[in-house]
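Student: What follows is a single structure, and I will ask about it in a moment.
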Amino acid sequence: MNRKLLSGDEAIARGAWEAGCHVAAAYPGTPSTEILETLAGFSDVYCEWSTNEKVALEVALGASISGARALAAMKHVGLNVAADPLFSAAHIGARGGLVIVTADDPGLHSSQNEQDNRFYALAAKIPMFCPADSQEAKDFTRLAFEVSEEYDVPVLIRITTRVAHSSSIVTIGERAERPVKGYEKQVSKTVLLPVHARIRHVDLEHRLDRLRAYSERTSANRVEQGERRIGIICDGVAYHYCREVFPEVSYLKLGMVNPFPASLVRKFAAGVDQVIVVEEVDPFLELHVRSLGIEATGKDKLPRWGELNPRVVRLALGRPSTRRQEPREGSGEISTSAQAVNSRQPNDGNGLLGTVAGTRQLSPDKAIEPEPDLPSRPPALCPGCPHTGLFYALQKQRVIIGGDIGCYTLGALPPHNSMDTCIDMGASITFAHGCDKALGRNDPRRRVAVIGDSTFFHSGITGLLNVVYNKSDVVVVIADNRTTGMTGHQDHPGTGRTLSGEETVAVDIAALARACGIERVVAVDPYRVKETRRLIRELLKQPGPAVVISRRPCALLVRLREKPRKVNTEKCTGCKTCLGLGCPALTMVGEKTMVLEDLCAGCGMCADVCPQGAIE
Amino acid sequence: MNIIVCGVGGQGVLLFSDLIGNIALAAGLDVKKSEVHGMAQRGGSVTTHVRYAPKVYSPLVEEGSADLVVAFEKLEALRHVHFLAGNGWLVYDPHRIDPLPVLLGLVERPTDALLDERIMARAPRRLVVSAFEAAREIGDPRVQNVVMLGAVSRLLEFPRSVFRDIIRLQVKPGFVDLNLRAFDRGLAIGSSYDIGAGASYMGRVTPQCPGQTGF
């Protein structure tokens with residue numbers, strides 16, 4: 001079967017494989033993680049988890065300079081980490097095709113910010129493709145490798161969560177084998193000394209001129225002619241939302257957004273009465289359109305934050321829904337959405353044109369508002385999660401805690417309230433260091449950092465070195481659950497396994513910390529909650545930097561086969577001490593604690609903290 | 001056909017959506033499926049959108065336009081009921097998993113009676129399927145999702161054999177029999193409802209749909 005339901009991430013991996021990609025590197029990050037996980041399933045591509053995105057991009061660039069086709073993938077904030085080699089790579093160029101994927105997260109499903117990485121393409125002077133669905137994700141990946149080699153430039157692909165984690169049907173093809181061209185010394189190209197880089201910049205501008213011409217003619221940018229009253233210019237998944245709501249208007253769908261195809265846009269705009277730009281987050285396309293002197297509606301109506309969806313587009317641009325129907329008693333078929341679209345009445349005066357002319361904006365339909373006042377369901381640490389014991393131990397200590405990126409960021413929420421910051425990968429240690437330097441002895445609270453094992457390898461080591469070298473009294477707690485937990489259990493230098501499952505050296509975090517110059521390194525078992533609390537307390541009393549390794553495998557990695565715990569209701573006094581763990585398997589029924597047996601992992605942390613010995 | 005599938009992380013919402021998507025693909029329809037998984041793997045709300053038709057554009061189901069909302073948990077059923085079209089079906093498991101703020105006593109626990117009343121007011125067409133209990137009886141609460149699939153198959157116009165074929169293809173080999181039993185159990189629960197003549201199937205596959213493979 002050559003048609004498959006693939007996610008955008010899987011489709012990019014498939015496209016890279018079909019394009020003959022040889023080397024791929026990434027650091028896991030939602031929503032980009034599955035690109036490398038999928039690609040690793042193809043034995044003819046070397047794949048690795050790098051310690052961070054900067055490293056990943058440098059690995060891919062090295063492969064490209066050696067004449068191999070290479071891919072680096074990361075989430076949007078990962079490109080911030082990799083920004084340094086990104087700009088250099090644009091100057092160096094690509095001998096073997098070099099494709100960099102940035103997976104942006106409009107709506108912040110799982111990120112610390114909502115940046116629009118289309119601006120990186122502009123700033124780094126790199127061509128960028130923006131696929132709208134999985135088929136395009138695959139096709140554009142193949143195209144990106146071609147463009148990269150033909151124009152001797154790295155190419156960015158920008159996907160968003162809704163493309164990365166949506167699945168649609170993809171026609172798959174075979175791999176086009178390509179020989180690795182081999183390394184040829186080209187000092188003036190790859191050694192970016194000022195004397196070389198000046199020339200490389202001029203060369204880059206010339207490459208961009210040629211790419212501008214390419215952008216005008218590529219099939220990635222296409223016009224779909226419909227009614228001429230309205231012309232919508234859009235990119236990415238916004239195209240599909242618009243097609244859903246306005247099936248009859250004209251479209252300029254941009255699959256390549258940098259360099260911007262100015263002539264194509266001018267020609268399209270001249271053929272319609274009114275131009276509307278629909279895009280997620282920032283007015284990237286709109287700025288370009290307006291810079292051409294074209295009047296356009298865009299962010300004056302559409303939101304500048306969050307995701308778009310058909311309803312947002314519909315409400316912002318004023319097209320009533322004909323979809324919702326009154327209940328029909330016990331009979332009747334329900335039409336498919338395609339039929340509903342086809343049967344939609346022509347513009348009834350409430351539609352786009354009227355609203356855009358400034359007459360009125362539709363209010364949302366009350367009947368489809370979400371149910372108010374429902375308890376929210378925030379993500380929680382799993383039953384049996386070792387972080388639970390660690391955070392219980394850190395609770396109510398007089399400390400300032402720099403937090404980091406991972407499942408354990410949930411320690412910032414009730415009942416733990418055990419983190420003061422969450423900035424970016426690795427920033428827990430560097431924050432605590434800066435805080436220590438700034439506050440000095442004016443604040444008695446010790447400065448603590450909590451960082452996961454994978455994050456520590458990603459960019460914590462450099463921070464730890466800085467603590468030692470620049471002499472701050474930071475206590476670094478490494479929540480070592482033996483995996484990259486949040487993104488779904490990827491390996492890293494501490495696990496002893498590579499992405500392809502081969503055995504390798506497992507880095508000893510304690511030895512590494514000592515090698516960095518930390519003298520006090522203590523290991524604790526977070527399942528022994530009270531003991532962990534006592535050891536951390538003692539450590540905090542002594543001055544000087546220290547490392548605490550809180551070590552227990554992720555509860556999903558090593559399933560405990562313990563029996564669910566039970567509460568002896570005679571002994572339970574209802575003191576709620578155990579609820580301070582924030583375990584989803586514990587609740588109160590009346591005045592007593594109860595263990596929800598379907599959820600309980602049997603870890604025993606609740607029994608350890610119960611002052612009455614009531615949990616058995 | 002617009003479907004919303006919702007539940008709590010760990011309940012198998014994603015596998016359920018994959019199964020539906022692949023069944024529609026096998027029927028020659030255009031399919032789009034979109035998922036959001038939050039920060040932790042478990043405990044948070046999980047929602048997927050599944051759409052199939054001769055041609056699908058948006059990967060998202062619009063509020064007020066779902067033909068079917070499948071909820072693996074009662075609170076999530078109410079949280080997503082506004083996605084339903086006026087004549088859409090809600091299929092939900094009355095099983096309750098309270099969110100952490102409720103377990104901690106930070107937020108008031110809504111009574112079952114209140115939830116039931118609000119669900120009934122907003123979803124006139126609904127099937128209540130105690131899939132979690134059924135799965136536990138079969139021997140593994142993790143097949144709750146496939147019990148739900150069996151019940152939902154009552155409302156979808158695809159032959160049962162295709163459901164079984166896709167289950168065989170997608171489930172880990174050691175668990176195929178267990179999952180097929182779960183499917184049959186769900187089918188039996190779904191079939192016990194009198195859902196009215198002419199309403200037994202939803203989203204009829206139109207004969208002119210391109211690439212249709214004959215069923």
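Naming works like this for the structure tokens: A, B, ... for the chains as they're shown, residue 1 at the start of each chain, ligands 1 onward in shown order.
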Residues at most 8 Å from Leu75 (chain B), counting only C-alpha atoms, excluding those fewer than 6 positions away in the same chain, as a list in words?
Tutor: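 The filter keeps Leu374 of chain A; Arg96, Ile97, Asp98 and Leu115 of chain B.
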Student: Restrict the selected residues to N, CA, C and O atoms and save them as a PDB file, in the first residue's frame.
Tutor:
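Written file, again-v5.pdb:
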ATOM      1  N   LEU A 374     -16.097  24.005  35.092  1.00  0.00           N
ATOM      2  CA  LEU A 374     -15.649  22.632  35.312  1.00  0.00           C
ATOM      3  C   LEU A 374     -14.256  22.664  35.929  1.00  0.00           C
ATOM      4  O   LEU A 374     -13.452  23.510  35.574  1.00  0.00           O
TER       5      LEU A 374
ATOM      6  N   ARG B  96     -15.305   7.842  36.393  1.00  0.00           N
ATOM      7  CA  ARG B  96     -14.817   9.164  36.790  1.00  0.00           C
ATOM      8  C   ARG B  96     -13.394   9.109  37.292  1.00  0.00           C
ATOM      9  O   ARG B  96     -13.042   8.277  38.119  1.00  0.00           O
ATOM     10  N   ILE B  97     -12.562   9.989  36.780  1.00  0.00           N
ATOM     11  CA  ILE B  97     -11.212  10.165  37.337  1.00  0.00           C
ATOM     12  C   ILE B  97     -11.123  11.638  37.719  1.00  0.00           C
ATOM     13  O   ILE B  97     -11.130  12.510  36.848  1.00  0.00           O
ATOM     14  N   ASP B  98     -11.064  11.917  38.997  1.00  0.00           N
ATOM     15  CA  ASP B  98     -11.062  13.316  39.397  1.00  0.00           C
ATOM     16  C   ASP B  98      -9.703  13.954  39.146  1.00  0.00           C
ATOM     17  O   ASP B  98      -8.664  13.336  39.373  1.00  0.00           O
ATOM     18  N   LEU B 115     -23.335  16.485  37.019  1.00  0.00           N
ATOM     19  CA  LEU B 115     -22.692  16.209  35.726  1.00  0.00           C
ATOM     20  C   LEU B 115     -23.688  15.551  34.777  1.00  0.00           C
ATOM     21  O   LEU B 115     -23.801  15.930  33.602  1.00  0.00           O
TER      22      LEU B 115
END
Student: Looking only at the backbone, which of the residues in region 15-111 of chain B does DSSP tag as strand (DSSP E or B), as a PyMOL selection string?
Tutor: chain B and resi 30-36+45-53+66-71+84-92
Student: Atoms to include: C-alpha atoms. Write the selected residues as an mmCIF file, in the first residue's frame.
Tutor:
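Output file again.cif follows:
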data_model
loop_
_atom_site.group_PDB
_atom_site.id
_atom_site.type_symbol
_atom_site.label_atom_id
_atom_site.label_comp_id
_atom_site.auth_asym_id
_atom_site.auth_seq_id
_atom_site.Cartn_x
_atom_site.Cartn_y
_atom_site.Cartn_z
ATOM 1 C CA ASP B 30 -9.624 11.352 2.960
ATOM 2 C CA VAL B 31 -8.610 11.426 6.632
ATOM 3 C CA LYS B 32 -7.122 14.012 8.978
ATOM 4 C CA LYS B 33 -6.357 13.435 12.613
ATOM 5 C CA SER B 34 -4.968 15.883 15.113
ATOM 6 C CA GLU B 35 -3.830 15.308 18.648
ATOM 7 C CA VAL B 36 -2.626 17.416 21.483
ATOM 8 C CA SER B 45 -6.786 16.068 29.448
ATOM 9 C CA VAL B 46 -6.167 14.456 26.074
ATOM 10 C CA THR B 47 -8.221 15.366 23.015
ATOM 11 C CA THR B 48 -7.974 14.204 19.432
ATOM 12 C CA HIS B 49 -9.853 15.354 16.372
ATOM 13 C CA VAL B 50 -10.592 12.780 13.660
ATOM 14 C CA ARG B 51 -12.224 13.829 10.386
ATOM 15 C CA TYR B 52 -13.013 11.759 7.325
ATOM 16 C CA ALA B 53 -14.896 12.557 4.135
ATOM 17 C CA ALA B 66 -18.988 17.094 15.728
ATOM 18 C CA ASP B 67 -21.106 14.172 14.552
ATOM 19 C CA LEU B 68 -19.679 12.130 17.394
ATOM 20 C CA VAL B 69 -17.962 12.889 20.684
ATOM 21 C CA VAL B 70 -16.392 9.850 22.356
ATOM 22 C CA ALA B 71 -15.446 10.455 25.991
ATOM 23 C CA LEU B 84 -21.385 18.349 19.244
ATOM 24 C CA ALA B 85 -23.573 19.348 16.340
ATOM 25 C CA GLY B 86 -27.226 19.588 17.337
ATOM 26 C CA ASN B 87 -27.912 16.092 16.056
ATOM 27 C CA GLY B 88 -24.554 14.596 17.011
ATOM 28 C CA TRP B 89 -24.041 11.586 19.271
ATOM 29 C CA LEU B 90 -22.222 11.549 22.568
ATOM 30 C CA VAL B 91 -20.810 8.159 23.554
ATOM 31 C CA TYR B 92 -19.339 8.291 27.024
#
Student: Counting only C-alpha atoms, figure out which residue out of A:Ala176, A:Val77, A:Ala449, A:Ala123 gets nearest to Leu108 (chain A).
Tutor: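 Using only C-alpha atoms, the shortest distance to Leu108 (chain A) belongs to A:Val77.
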Student: Find the residue from B:Arg122, B:His82, B:Arg160, B:Arg168 that sits nearest to chain A; use only C-alpha atoms when measuring.
Tutor: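 Smallest distance to chain A is found for B:His82.
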Student: Residues of region 386-546 of chain A classed as helix (DSSP H, G or I) by DSSP on the backbone are to be reported as a compact mmCIF listing (two decimals) with N, CA and C atoms, in the first residue's frame.
Tutor:
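The resulting selection_7.txt:
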# COMPACT_ATOMS: atom_id res chain seq x y z
N PRO A 386 9.13 9.30 40.67
CA PRO A 386 10.14 9.60 41.69
C PRO A 386 10.28 11.10 41.98
N HIS A 387 9.90 11.95 41.01
CA HIS A 387 9.98 13.40 41.28
C HIS A 387 9.08 13.79 42.45
N THR A 388 8.00 13.02 42.64
CA THR A 388 7.06 13.30 43.72
C THR A 388 7.78 13.33 45.07
N GLY A 389 8.59 12.33 45.32
CA GLY A 389 9.32 12.25 46.59
C GLY A 389 10.33 13.38 46.72
N LEU A 390 10.99 13.70 45.60
CA LEU A 390 11.98 14.78 45.61
C LEU A 390 11.31 16.11 45.96
N PHE A 391 10.18 16.38 45.30
CA PHE A 391 9.52 17.67 45.55
C PHE A 391 8.94 17.74 46.96
N TYR A 392 8.48 16.60 47.46
CA TYR A 392 7.99 16.58 48.83
C TYR A 392 9.14 16.98 49.76
N ALA A 393 10.33 16.46 49.45
CA ALA A 393 11.49 16.75 50.29
C ALA A 393 11.90 18.22 50.21
N LEU A 394 11.66 18.85 49.04
CA LEU A 394 12.06 20.26 48.86
C LEU A 394 11.00 21.24 49.36
N CYS A 407 9.24 16.97 32.74
CA CYS A 407 8.06 16.64 33.55
C CYS A 407 8.13 17.35 34.90
N TYR A 408 9.34 17.41 35.43
CA TYR A 408 9.53 17.93 36.78
C TYR A 408 9.23 19.42 36.92
N THR A 409 8.98 20.09 35.78
CA THR A 409 8.53 21.49 35.86
C THR A 409 7.21 21.58 36.62
N LEU A 410 6.46 20.46 36.63
CA LEU A 410 5.19 20.42 37.36
C LEU A 410 5.39 20.63 38.86
N GLY A 411 6.62 20.51 39.33
CA GLY A 411 6.92 20.78 40.73
C GLY A 411 6.67 22.23 41.12
N ALA A 412 6.46 23.09 40.09
CA ALA A 412 6.14 24.50 40.37
C ALA A 412 4.69 24.67 40.81
N ALA A 427 18.70 26.48 32.14
CA ALA A 427 18.76 27.77 32.84
C ALA A 427 18.57 27.65 34.35
N SER A 428 18.18 26.46 34.85
CA SER A 428 18.02 26.31 36.30
C SER A 428 19.33 26.65 37.02
N ILE A 429 20.41 26.07 36.54
CA ILE A 429 21.69 26.23 37.23
C ILE A 429 22.22 27.64 37.01
N THR A 430 22.13 28.13 35.80
CA THR A 430 22.66 29.46 35.51
C THR A 430 21.85 30.54 36.21
N PHE A 431 20.52 30.32 36.32
CA PHE A 431 19.68 31.25 37.09
C PHE A 431 20.12 31.27 38.55
N ALA A 432 20.24 30.08 39.13
CA ALA A 432 20.60 30.00 40.54
C ALA A 432 21.95 30.66 40.78
N HIS A 433 22.84 30.49 39.82
CA HIS A 433 24.17 31.10 39.90
C HIS A 433 24.05 32.63 39.90
N GLY A 434 23.28 33.15 38.95
CA GLY A 434 23.10 34.60 38.85
C GLY A 434 22.42 35.15 40.09
N CYS A 435 21.44 34.43 40.59
CA CYS A 435 20.70 34.82 41.78
C CYS A 435 21.65 34.89 42.98
N ASP A 436 22.50 33.89 43.07
CA ASP A 436 23.47 33.82 44.17
C ASP A 436 24.41 35.02 44.12
N LYS A 437 24.86 35.33 42.91
CA LYS A 437 25.78 36.45 42.76
C LYS A 437 25.08 37.77 43.09
N ALA A 438 23.81 37.86 42.70
CA ALA A 438 23.08 39.12 42.90
C ALA A 438 22.70 39.33 44.36
N LEU A 439 22.26 38.28 45.02
CA LEU A 439 21.74 38.43 46.38
C LEU A 439 22.82 38.37 47.45
N GLY A 440 23.86 37.60 47.20
CA GLY A 440 24.93 37.46 48.17
C GLY A 440 24.40 37.06 49.53
N ARG A 441 24.90 37.72 50.57
CA ARG A 441 24.48 37.36 51.92
C ARG A 441 23.26 38.13 52.38
N ASN A 442 22.71 38.98 51.48
CA ASN A 442 21.53 39.76 51.86
C ASN A 442 20.27 38.93 51.96
N ASP A 453 18.05 14.64 34.35
CA ASP A 453 19.31 14.08 33.85
C ASP A 453 19.56 14.44 32.39
N SER A 454 18.49 14.31 31.56
CA SER A 454 18.68 14.61 30.13
C SER A 454 18.96 16.09 29.92
N THR A 455 18.24 16.93 30.64
CA THR A 455 18.47 18.38 30.54
C THR A 455 19.86 18.73 31.04
N PHE A 456 20.32 18.00 32.07
CA PHE A 456 21.67 18.24 32.59
C PHE A 456 22.71 17.98 31.50
N PHE A 457 22.52 16.87 30.76
CA PHE A 457 23.47 16.59 29.66
C PHE A 457 23.30 17.60 28.53
N HIS A 458 22.05 18.05 28.30
CA HIS A 458 21.77 19.00 27.22
C HIS A 458 22.55 20.29 27.42
N SER A 459 22.35 20.92 28.58
CA SER A 459 23.02 22.21 28.76
C SER A 459 23.21 22.54 30.24
N GLY A 460 23.13 21.52 31.07
CA GLY A 460 23.37 21.74 32.49
C GLY A 460 24.84 21.68 32.86
N ILE A 461 25.57 20.85 32.13
CA ILE A 461 27.00 20.67 32.46
C ILE A 461 27.74 21.99 32.35
N THR A 462 27.43 22.73 31.29
CA THR A 462 28.10 24.02 31.09
C THR A 462 27.78 24.96 32.25
N GLY A 463 26.53 24.92 32.72
CA GLY A 463 26.13 25.75 33.86
C GLY A 463 26.84 25.32 35.14
N LEU A 464 26.94 24.00 35.32
CA LEU A 464 27.61 23.48 36.52
C LEU A 464 29.08 23.90 36.53
N LEU A 465 29.72 23.83 35.38
CA LEU A 465 31.11 24.27 35.27
C LEU A 465 31.24 25.74 35.67
N ASN A 466 30.23 26.50 35.27
CA ASN A 466 30.26 27.93 35.58
C ASN A 466 30.11 28.18 37.08
N VAL A 467 29.29 27.38 37.73
CA VAL A 467 29.11 27.47 39.20
C VAL A 467 30.45 27.26 39.90
N VAL A 468 31.16 26.23 39.44
CA VAL A 468 32.43 25.90 40.07
C VAL A 468 33.48 26.98 39.78
N TYR A 469 33.61 27.29 38.51
CA TYR A 469 34.66 28.21 38.07
C TYR A 469 34.47 29.61 38.65
N ILE A 509 27.00 10.34 36.44
CA ILE A 509 26.75 11.75 36.74
C ILE A 509 27.56 12.21 37.96
N ALA A 510 27.66 11.34 38.96
CA ALA A 510 28.40 11.72 40.17
C ALA A 510 29.87 11.97 39.84
N ALA A 511 30.45 11.07 39.05
CA ALA A 511 31.86 11.22 38.67
C ALA A 511 32.06 12.47 37.82
N LEU A 512 31.08 12.71 36.95
CA LEU A 512 31.15 13.89 36.08
C LEU A 512 31.11 15.16 36.93
N ALA A 513 30.19 15.19 37.90
CA ALA A 513 30.08 16.37 38.76
C ALA A 513 31.40 16.59 39.50
N ARG A 514 31.98 15.50 39.99
CA ARG A 514 33.27 15.62 40.68
C ARG A 514 34.34 16.13 39.72
N ALA A 515 34.31 15.62 38.49
CA ALA A 515 35.30 16.04 37.50
C ALA A 515 35.14 17.53 37.17
N CYS A 516 33.91 18.03 37.28
CA CYS A 516 33.68 19.46 37.04
C CYS A 516 34.24 20.29 38.20
N VAL A 529 11.32 9.08 51.13
CA VAL A 529 11.02 10.51 51.15
C VAL A 529 11.62 11.21 52.36
N LYS A 530 11.40 10.61 53.54
CA LYS A 530 11.86 11.30 54.76
C LYS A 530 13.38 11.41 54.81
N GLU A 531 14.04 10.32 54.36
CA GLU A 531 15.50 10.33 54.37
C GLU A 531 16.04 11.37 53.37
N THR A 532 15.39 11.45 52.21
CA THR A 532 15.79 12.43 51.20
C THR A 532 15.69 13.84 51.77
N ARG A 533 14.58 14.08 52.48
CA ARG A 533 14.36 15.39 53.06
C ARG A 533 15.47 15.72 54.09
N ARG A 534 15.80 14.73 54.89
CA ARG A 534 16.80 14.94 55.92
C ARG A 534 18.18 15.23 55.30
N LEU A 535 18.55 14.45 54.27
CA LEU A 535 19.87 14.63 53.64
C LEU A 535 19.98 15.98 52.95
N ILE A 536 18.90 16.40 52.27
CA ILE A 536 18.94 17.69 51.58
C ILE A 536 19.05 18.82 52.61
N ARG A 537 18.30 18.68 53.72
CA ARG A 537 18.36 19.71 54.78
C ARG A 537 19.78 19.88 55.31
N GLU A 538 20.43 18.75 55.56
CA GLU A 538 21.80 18.81 56.10
C GLU A 538 22.75 19.49 55.12
N LEU A 539 22.58 19.13 53.85
CA LEU A 539 23.45 19.67 52.81
C LEU A 539 23.28 21.18 52.68
N LEU A 540 22.05 21.65 52.83
CA LEU A 540 21.77 23.07 52.68
C LEU A 540 22.40 23.90 53.80
N LYS A 541 22.70 23.24 54.92
CA LYS A 541 23.28 23.97 56.05
C LYS A 541 24.75 24.31 55.81
Student: Counting only C-alpha atoms, figure out which residue out of A:His240, A:Arg158, A:Arg319, A:Arg314 gets nearest to chain B.
Tutor: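 Of the candidates, the smallest distance to chain B is held by A:His240.
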Student: Can you measure CA of Phe145 (chain A) to CA of Ser58 (chain B) for me? One decimal in Å is fine.
Tutor: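 We find that CA of Phe145 (chain A) and CA of Ser58 (chain B) lie 27.6 Å from each other.
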Student: With only C-alpha atoms as the basis for distance, which of B:Met120, B:Leu29, B:Gly7, B:Leu104 is at the shortest distance from chain A?
Tutor: B:Leu104
Student: May I have the residues within 7 Å of His95 (chain B) as a count of residues only, using only C-alpha atoms and disregarding those fewer than 4 positions away in the same chain?
Tutor: 4
Student: Excluding region 125-136 of chain A and its own-chain neighbours fewer than 5 positions away, which residues fall within 7 Å of it when counting only C-alpha atoms? Please give them as a list in words.
Tutor: Leu6, Ser7, Gly8, Ala11, Ala90, Pro154, Val155, Leu156, Ile157, Arg158, Ile159, Val163, Ser167, Ser168, Ile169, Val170, Asp235, Gly236, Val237, Tyr239, Gly255, Met256, Val257, Asn258 and Pro259 of chain A
Student: Just to confirm, what's the straight-line distance from CA of Leu127 (chain B) to CA of Leu5 (chain A) in Å (one decimal)?
Tutor: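 These atoms are spaced 28.9 Å apart.
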Student: Can you tell me how far CA of Pro415 (chain A) sits from CA of Thr569 (chain A), in Å to one decimal?
Tutor: 23.4 Å
Student: Let me make sure I understand: among B:Ser161, B:Ala151, B:Pro141, B:Glu63, which one has the smallest atom-to-atom distance to Glu597 (chain A) if we use only C-alpha atoms?
Tutor: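 Smallest separation from Glu597 (chain A) among the options: B:Pro141.
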Student: Considering only C-alpha atoms, return as a VMD selection string whatever protein or nucleic-acid residues lie within 10 Å of Pro493 (chain A), sequence-local ones (same chain, fewer than 2 positions apart) excluded.
Tutor: chain A and resid 49 to 51 453 to 454 457 to 458 482 to 483 491 495 to 498 504 to 509
Student: Counting only C-alpha atoms, which residue out of B:Ala121, B:Ile195, B:Ile23, B:Val128 sits closest to Ile167 (chain B)?
Tutor: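 Closest to Ile167 (chain B) of all the choices is B:Ile23.
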